[in-house]
Amino acid sequence: MSLTPLDAGGTTVGRAEEHPGFADPDYVRRRNLIADRAEGRQVGEPSPEVHYTEAEHATWRAVHKALWRAQDHWACREVLRARESAPIPADGVPQHEEVSDRLEALTGFRFTPAGGIVPNKRFLGAMVDGYFHAVQYVRHPAMPLYTPEPDVLHDVFGHGIHLADPFFADLYRTVGRAAARVDTADALDLISRVYWFTLEYGVTLEERLPGAYGAALLSSFGELGRFAHADLRPFDLAEMARLPYQVAGYQPVLFTVDSLAHLAELLHGFLDDFDETTQERYRLPVLSERGFMARPSGR
């Protein structure tokens, strides 16, 4: 696998596996120490307190400054309005429970701890009960504006903005209700792909200009600088199911909606009656015919 994203200056930074977040043994030990504390925890359990270092707080501050400005330029209007209520401090890494207390007061959502990628049934299904799996470790300080895996900045700057807003919170619960009704890998994979290309990597067209609304775009300085030049395609369920996609690296294909009202119409239309027969009813590719998901080996 060769994923070659760019840093903030437009320089190729190499394969995801070579990123210091995976290659620096001291960082990996710290990352794993924090991540492993989520092991064995039930959905809804409070996140453990993390004693962040000054270096980690400095990384947060650097990314906060860059992302805030990039979002001002590239995020859609609805996201910027949601950001006004989101618990995103400028001075350092917040504790999960601080973020959760604010989110719960706004939309009823709370973070629940994750150590990394969570199985679809648990991750997606927890949303119906108002729980979003989030990690607590901070990206590597040597490359603060690019990380090949989600970190606390991704979850707070991306999903924290969404979950501070009733409109987006409703869409997360819509995903959760659909996932709670099914159990097969095929059905859960379909939901995961639609979630990926919308709430993670979705783009809306405002007056024909692209605006980012997906959480992965909102939390990536690099993606915000380049997503408007990606292969932008209209929302298409069959294409979402067929295309390969990458957990690390920039996404080559993104899907657009005409507005966030259009997004809500499409997601409710597909997910409100989603069940084990949806793939056949919509004539979507079966699991074995869908594009692969690429990810680096981080541990």
# chains A, B, ... in the order shown; residues from 1 in each chain; ligands from 1
$ closest_atom_pairs --of "stretch 156-264 of chain A" --to "stretch 129-140 of chain A" --cutoff "9 Å" --atoms "only C-alpha atoms" --output "tab-separated table"
residue	atom	partner	partner_atom	distance
A:Val156	CA	A:Ala134	CA	8.5
A:His159	CA	A:Phe132	CA	8.5
A:Leu163	CA	A:Phe132	CA	8.9
A:Ala169	CA	A:Gly130	CA	8.4
A:Tyr172	CA	A:Gly130	CA	8.4
A:Arg173	CA	A:Gly130	CA	7.0
A:Gly176	CA	A:Asp129	CA	7.7
A:Arg177	CA	A:Asp129	CA	8.8
$ write_last_selection --atoms "N, CA and C atoms" --output "mmCIF file, in the first residue's frame"
data_model
loop_
_atom_site.group_PDB
_atom_site.id
_atom_site.type_symbol
_atom_site.label_atom_id
_atom_site.label_comp_id
_atom_site.auth_asym_id
_atom_site.auth_seq_id
_atom_site.Cartn_x
_atom_site.Cartn_y
_atom_site.Cartn_z
ATOM 1 N N VAL A 156 -12.893 15.700 18.268
ATOM 2 C CA VAL A 156 -13.462 16.929 18.830
ATOM 3 C C VAL A 156 -13.727 17.956 17.738
ATOM 4 N N HIS A 159 -16.303 15.450 14.789
ATOM 5 C CA HIS A 159 -17.554 14.929 15.330
ATOM 6 C C HIS A 159 -18.094 15.797 16.463
ATOM 7 N N LEU A 163 -21.933 16.883 16.699
ATOM 8 C CA LEU A 163 -22.762 16.433 17.823
ATOM 9 C C LEU A 163 -23.168 17.563 18.758
ATOM 10 N N ALA A 169 -26.898 15.678 14.885
ATOM 11 C CA ALA A 169 -27.138 14.627 15.877
ATOM 12 C C ALA A 169 -28.267 13.706 15.434
ATOM 13 N N TYR A 172 -26.846 11.216 12.955
ATOM 14 C CA TYR A 172 -26.074 10.168 13.629
ATOM 15 C C TYR A 172 -27.019 9.132 14.236
ATOM 16 N N ARG A 173 -28.087 9.579 14.846
ATOM 17 C CA ARG A 173 -29.056 8.635 15.420
ATOM 18 C C ARG A 173 -29.759 7.830 14.332
ATOM 19 N N GLY A 176 -27.506 5.121 13.579
ATOM 20 C CA GLY A 176 -27.540 4.157 14.681
ATOM 21 C C GLY A 176 -28.773 3.279 14.650
ATOM 22 N N ARG A 177 -29.949 3.849 14.357
ATOM 23 C CA ARG A 177 -31.174 3.045 14.303
ATOM 24 C C ARG A 177 -31.079 1.988 13.212
#
$ closest_atom_pairs --of "stretch 167-218 of chain A" --to "stretch 268-282 of chain A" --cutoff "7 Å" --atoms "only C-alpha atoms" --output "CSV"
residue,atom,partner,partner_atom,distance
A:Thr174,CA,A:Leu271,CA,6.8
A:Val175,CA,A:Leu271,CA,6.8
A:Ala178,CA,A:Phe274,CA,5.7
A:Arg181,CA,A:Asp275,CA,6.4
A:Val182,CA,A:Asp275,CA,5.9
A:Ala187,CA,A:Glu276,CA,6.0
$ atom_distance --atom1 "atom CA of A:Ala70" --atom2 "atom CA of A:Tyr213"
12.7 Å
$ select_by_dssp --residues "stretch 36-271 of chain A" --states "strand (DSSP E or B)" --output "list in words"
Ala75, Arg110, Phe111, Thr112, Pro113, Tyr131, Phe132, His133, Ala134, Val203, Thr204, Leu205, Glu206, Leu209, Pro210, Gly211, Ala212, Asp231, Leu232, Arg233, Pro234, Tyr245, Gln246, Val253, Leu254, Phe255, Thr256 and Val257 of chain A
$ closest_atom_pairs --of "stretch 50-155 of chain A" --to "stretch 25-41 of chain A" --cutoff "6 Å" --atoms "only C-alpha atoms" --output "tab-separated table"
residue	atom	partner	partner_atom	distance
A:Pro113	CA	A:Ala38	CA	5.5
A:Ala114	CA	A:Ala38	CA	5.4
A:Gly115	CA	A:Ala35	CA	4.1
A:Tyr137	CA	A:Arg31	CA	5.7
